[in-house]
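**Q** One structure, pasted below without further comment.
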Amino acid sequence: ILNGKTAVVTGSTSGIGLACARTFAGAGANVVINGMGAPGDIEKERAAIERDFTVRAIYSPADMTKPSEIAELIALGEETFGSVDILVNNAGIQHVSPIEEFPAEKWDAIIAINLSASFHAIRAAVPGMKTRGWGRIVNTASAHSVIASPFKSAYVAAKHGIAGLTKTVALELARSKITCNCISPGYVWTPLVEKQIPNTMAARRMRRDEVINDVLLAAQPTKEFVTVEQVASLALFLCSDDAAQITGANLSMDGGWTVA
Ligand code: NAD
């Protein structure tokens with residue numbers, strides 16, 4: 001369904017972003033992947049996309065804390081493939097700490113990567129989408145875009161911000177055949193979740209199994225992690241023509257976490 005389209009997915013060297021890039025490639029899109037990691041590993045993932053799906057995949061090392069590099073990321077997609085039709089703002093980091101000990105530089109980095117980067121990327125991609133009269137913007141928010149948890153002040157603030165940005169952009173682009181939505185997963189089993197376990201163990205003085213069962217999945221009524229493939233599949237649906245009238249939505253995929 002995405003033949004001839006180009007998708008830029010930020011933070012796609014691992015986790016949800018990589019699953020989105022592979023899913024879009026599977027649907028026929030050329031993809032621009034982005035994110036941190038060892039060059040050899042990234043090249044392996046890039047080559048695997050081209051091999052597995054017979055599309056083109058290129059890599060941009062743009063750092064989502066740097067507005068000029070974000071503009072270059074969009075420009076690279078447009079120059080290489082002629083358009084950026086789909087933008088998935090997905091790069092994200094986490095830091096878990098009580099507010100009074102929360103390092104100011106961590107706050108700044110989380111707001112930059114998890115919130116401001118989406119603004120910069122949307123700002124750069126929208127002119128081309130408007131010119132071509134078609135576009136899809138999908139932002140990876142989080143259950144934390146609608147609900148809070150202790151010790152995640154920057155993350156919760158940034159994700160609430162993404163939900164607001166999504167609504168605003170959707171209204172501005174409503175007549176331009178460009179939709180803007182966010183997906184709000186609960187706990188997805190990725191390196192990001194795995195990495196926050198030690199900090200949560202320290203902050204809450206808990207064992208690893210207690211953090212997994214009583215903190216992470218405590219909030220998720222299904223008691224199961226979301227998978228990256230499930231998130232990617234919803235992102236793909238949002239990029240279909242059947243989803244043309246879904247805009248400004250914040251779609252939960254959280255095993256019932258935010259139901260109550
Ligand atoms: P992940 O750590 O596997 O992937 C994060 C990606 O962002 C990686 O590719 C990483 O290299 C990239 N990244 C980090 N800093 C960057 C920077 N400065 N510039 C460019 N890229 C950068 O984590 P994930 O779980 O796949 O997270 C993806 C998104 O999903 C994030 O926005 C996260 O907040 C959100 N999310 C995750 C969960 C979860 O449970 N894993 C739940 C809800 C929302």
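Naming works like this for the structure tokens: A, B, ... for the chains as they're shown, residue 1 at the start of each chain, ligands 1 onward in shown order.
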Compute the set of protein, DNA and RNA residues whose minimum atom distance to ligand 1 is at most 7 Å, using only C-alpha atoms and all ligand atoms, and state it as a PDB file with C-alpha atoms, in the first residue's frame.
**A**
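Listing of result-v2.pdb after writing:
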```pdb
ATOM      1  CA  THR A  10      13.439   8.872  13.535  1.00  0.00           C
ATOM      2  CA  GLY A  11      15.058   6.632  16.133  1.00  0.00           C
ATOM      3  CA  SER A  12      14.791   3.556  13.917  1.00  0.00           C
ATOM      4  CA  THR A  13      18.036   1.760  14.725  1.00  0.00           C
ATOM      5  CA  SER A  14      16.214  -0.239  17.373  1.00  0.00           C
ATOM      6  CA  GLY A  15      12.903  -1.051  19.022  1.00  0.00           C
ATOM      7  CA  ILE A  16       9.633   0.448  17.794  1.00  0.00           C
ATOM      8  CA  GLY A  17      11.276   2.630  15.140  1.00  0.00           C
ATOM      9  CA  ASN A  34      17.981   7.225  11.772  1.00  0.00           C
ATOM     10  CA  GLY A  35      19.338   6.788  15.251  1.00  0.00           C
ATOM     11  CA  MET A  36      22.343   5.977  17.361  1.00  0.00           C
ATOM     12  CA  GLY A  37      24.351   2.796  17.490  1.00  0.00           C
ATOM     13  CA  ALA A  62      20.996  13.149  12.434  1.00  0.00           C
ATOM     14  CA  ASP A  63      21.047  13.865  16.161  1.00  0.00           C
ATOM     15  CA  MET A  64      17.529  14.682  17.348  1.00  0.00           C
ATOM     16  CA  THR A  65      18.899  17.230  19.818  1.00  0.00           C
ATOM     17  CA  ASN A  90       9.761   8.119  17.227  1.00  0.00           C
ATOM     18  CA  ALA A  91      13.216   8.813  18.706  1.00  0.00           C
ATOM     19  CA  GLY A  92      13.031   8.864  22.456  1.00  0.00           C
ATOM     20  CA  ILE A  93      14.995   8.472  25.638  1.00  0.00           C
ATOM     21  CA  GLN A  94      14.017   8.016  29.261  1.00  0.00           C
ATOM     22  CA  ILE A 113      14.587  14.418  21.693  1.00  0.00           C
ATOM     23  CA  ASN A 114      11.090  13.361  22.804  1.00  0.00           C
ATOM     24  CA  THR A 140       5.160   7.817  19.005  1.00  0.00           C
ATOM     25  CA  ALA A 141       3.702   9.171  22.216  1.00  0.00           C
ATOM     26  CA  SER A 142       3.089   6.894  25.207  1.00  0.00           C
ATOM     27  CA  ALA A 143       0.516   6.026  27.838  1.00  0.00           C
ATOM     28  CA  SER A 184       0.378   5.711  22.820  1.00  0.00           C
ATOM     29  CA  PRO A 185       1.817   2.353  23.744  1.00  0.00           C
ATOM     30  CA  GLY A 186       1.923   1.042  27.267  1.00  0.00           C
ATOM     31  CA  TYR A 187       4.988  -0.999  28.107  1.00  0.00           C
ATOM     32  CA  VAL A 188       6.624  -2.375  24.998  1.00  0.00           C
ATOM     33  CA  TRP A 189       9.473  -4.823  25.402  1.00  0.00           C
ATOM     34  CA  THR A 190      12.435  -2.882  23.929  1.00  0.00           C
ATOM     35  CA  PRO A 191      15.924  -1.846  25.031  1.00  0.00           C
ATOM     36  CA  LEU A 192      14.423   1.388  26.389  1.00  0.00           C
ATOM     37  CA  VAL A 193      12.315  -0.554  28.892  1.00  0.00           C
TER      38      VAL A 193
END
```
**Q** So which residues of range 93-143 of chain A fall under alpha helix (DSSP H) by DSSP, listed as a list in words?
**A** Ala104, Glu105, Lys106, Trp107, Asp108, Ala109, Ile110, Ile111, Ala117, Ser118, Phe119, His120, Ala121, Ile122, Arg123, Ala124, Ala125, Val126, Pro127, Gly128, Met129, Lys130, Thr131 and Arg132 of chain A
**Q** With the cut-off set at 10 Å and counting only C-alpha atoms, tabulate each residue of range 69-106 of chain A with an atom at most that distance from an atom of range 154-160 of chain A, showing the nearest atom pair and its distance in Å to one decimal, ordered by chain and increasing number, as JSON lines.
**A**
```
{"residue": "A:Gly92", "atom": "CA", "partner": "A:Tyr155", "partner_atom": "CA", "distance": 9.0}
{"residue": "A:Ile93", "atom": "CA", "partner": "A:Tyr155", "partner_atom": "CA", "distance": 8.0}
{"residue": "A:Gln94", "atom": "CA", "partner": "A:Tyr155", "partner_atom": "CA", "distance": 6.3}
{"residue": "A:His95", "atom": "CA", "partner": "A:Tyr155", "partner_atom": "CA", "distance": 7.4}
{"residue": "A:Val96", "atom": "CA", "partner": "A:Tyr155", "partner_atom": "CA", "distance": 8.7}
{"residue": "A:Ser97", "atom": "CA", "partner": "A:Ala154", "partner_atom": "CA", "distance": 9.7}
{"residue": "A:Ile99", "atom": "CA", "partner": "A:Ala154", "partner_atom": "CA", "distance": 9.0}
{"residue": "A:Phe102", "atom": "CA", "partner": "A:Ala154", "partner_atom": "CA", "distance": 8.7}
{"residue": "A:Ala104", "atom": "CA", "partner": "A:Ala154", "partner_atom": "CA", "distance": 9.7}
{"residue": "A:Lys106", "atom": "CA", "partner": "A:Ala154", "partner_atom": "CA", "distance": 8.0}
```
**Q** Using DSSP on the backbone coordinates, identify all residues within range 11-80 of chain A classified as strand (DSSP E or B); present the result as a VMD selection string.
**A** chain A and resid 30 to 34 57 to 60
**Q** With N, CA and C atoms retained, write the just-selected residues as a PDB file, in the first residue's frame.
**A**
```pdb
ATOM      1  N   ASN A  30      10.159   3.250   0.331  1.00  0.00           N
ATOM      2  CA  ASN A  30      11.581   3.488   0.585  1.00  0.00           C
ATOM      3  C   ASN A  30      11.681   4.130   1.962  1.00  0.00           C
ATOM      4  N   VAL A  31      12.736   3.825   2.698  1.00  0.00           N
ATOM      5  CA  VAL A  31      12.807   4.333   4.060  1.00  0.00           C
ATOM      6  C   VAL A  31      14.131   5.033   4.349  1.00  0.00           C
ATOM      7  N   VAL A  32      14.038   6.051   5.199  1.00  0.00           N
ATOM      8  CA  VAL A  32      15.227   6.692   5.752  1.00  0.00           C
ATOM      9  C   VAL A  32      15.252   6.308   7.221  1.00  0.00           C
ATOM     10  N   ILE A  33      16.274   5.541   7.599  1.00  0.00           N
ATOM     11  CA  ILE A  33      16.396   5.178   9.002  1.00  0.00           C
ATOM     12  C   ILE A  33      17.360   6.149   9.689  1.00  0.00           C
ATOM     13  N   ASN A  34      17.245   6.220  10.995  1.00  0.00           N
ATOM     14  CA  ASN A  34      17.981   7.225  11.772  1.00  0.00           C
ATOM     15  C   ASN A  34      18.127   6.710  13.194  1.00  0.00           C
ATOM     16  N   ALA A  57      16.777   1.690   1.229  1.00  0.00           N
ATOM     17  CA  ALA A  57      16.864   2.177   2.604  1.00  0.00           C
ATOM     18  C   ALA A  57      18.163   2.949   2.749  1.00  0.00           C
ATOM     19  N   ILE A  58      18.073   4.162   3.279  1.00  0.00           N
ATOM     20  CA  ILE A  58      19.294   4.922   3.547  1.00  0.00           C
ATOM     21  C   ILE A  58      19.301   5.301   5.027  1.00  0.00           C
ATOM     22  N   TYR A  59      20.490   5.622   5.502  1.00  0.00           N
ATOM     23  CA  TYR A  59      20.656   5.958   6.923  1.00  0.00           C
ATOM     24  C   TYR A  59      21.086   7.405   7.075  1.00  0.00           C
ATOM     25  N   SER A  60      20.473   8.103   8.017  1.00  0.00           N
ATOM     26  CA  SER A  60      20.907   9.448   8.397  1.00  0.00           C
ATOM     27  C   SER A  60      21.306   9.436   9.866  1.00  0.00           C
TER      28      SER A  60
END
```
**Q** So, counting only C-alpha atoms, which residue among A:Trp107, A:Trp134, A:Phe24, A:Phe119 is closest to Val231 in chain A?
**A**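 Residue with the minimum atom-to-atom distance to Val231 in chain A: A:Phe24.
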**Q** Select, from A:Ile70, A:Ala19, A:Cys180, A:Ala124, the residue with the minimum atom-to-atom distance to Cys239 in chain A, counting only C-alpha atoms.
**A**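 Nearest candidate to Cys239 in chain A out of A:Ile70, A:Ala19, A:Cys180, A:Ala124: A:Cys180.
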**Q** As a VMD selection string, please: the residues near range 213-220 of chain A (cut-off 12 Å, only C-alpha atoms, same-chain neighbours under 2 positions excluded).
**A** chain A and resid 143 to 144 147 to 150 185 to 189 193 to 194 196 to 197 200 to 201 203 to 211 222 to 226 252 to 260
**Q** Work out how far apart CA of Gly26 in chain A and CA of Phe53 in chain A are and give it in Å to one decimal.
**A**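 CA of Phe53 in chain A lies at a distance of 5.4 Å from CA of Gly26 in chain A.
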**Q** Go ahead and compute the interatomic distance for CA of Ile86 in chain A and CA of Val146 in chain A, in Å to one decimal.
**A**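 These two atoms are separated by 24.7 Å.
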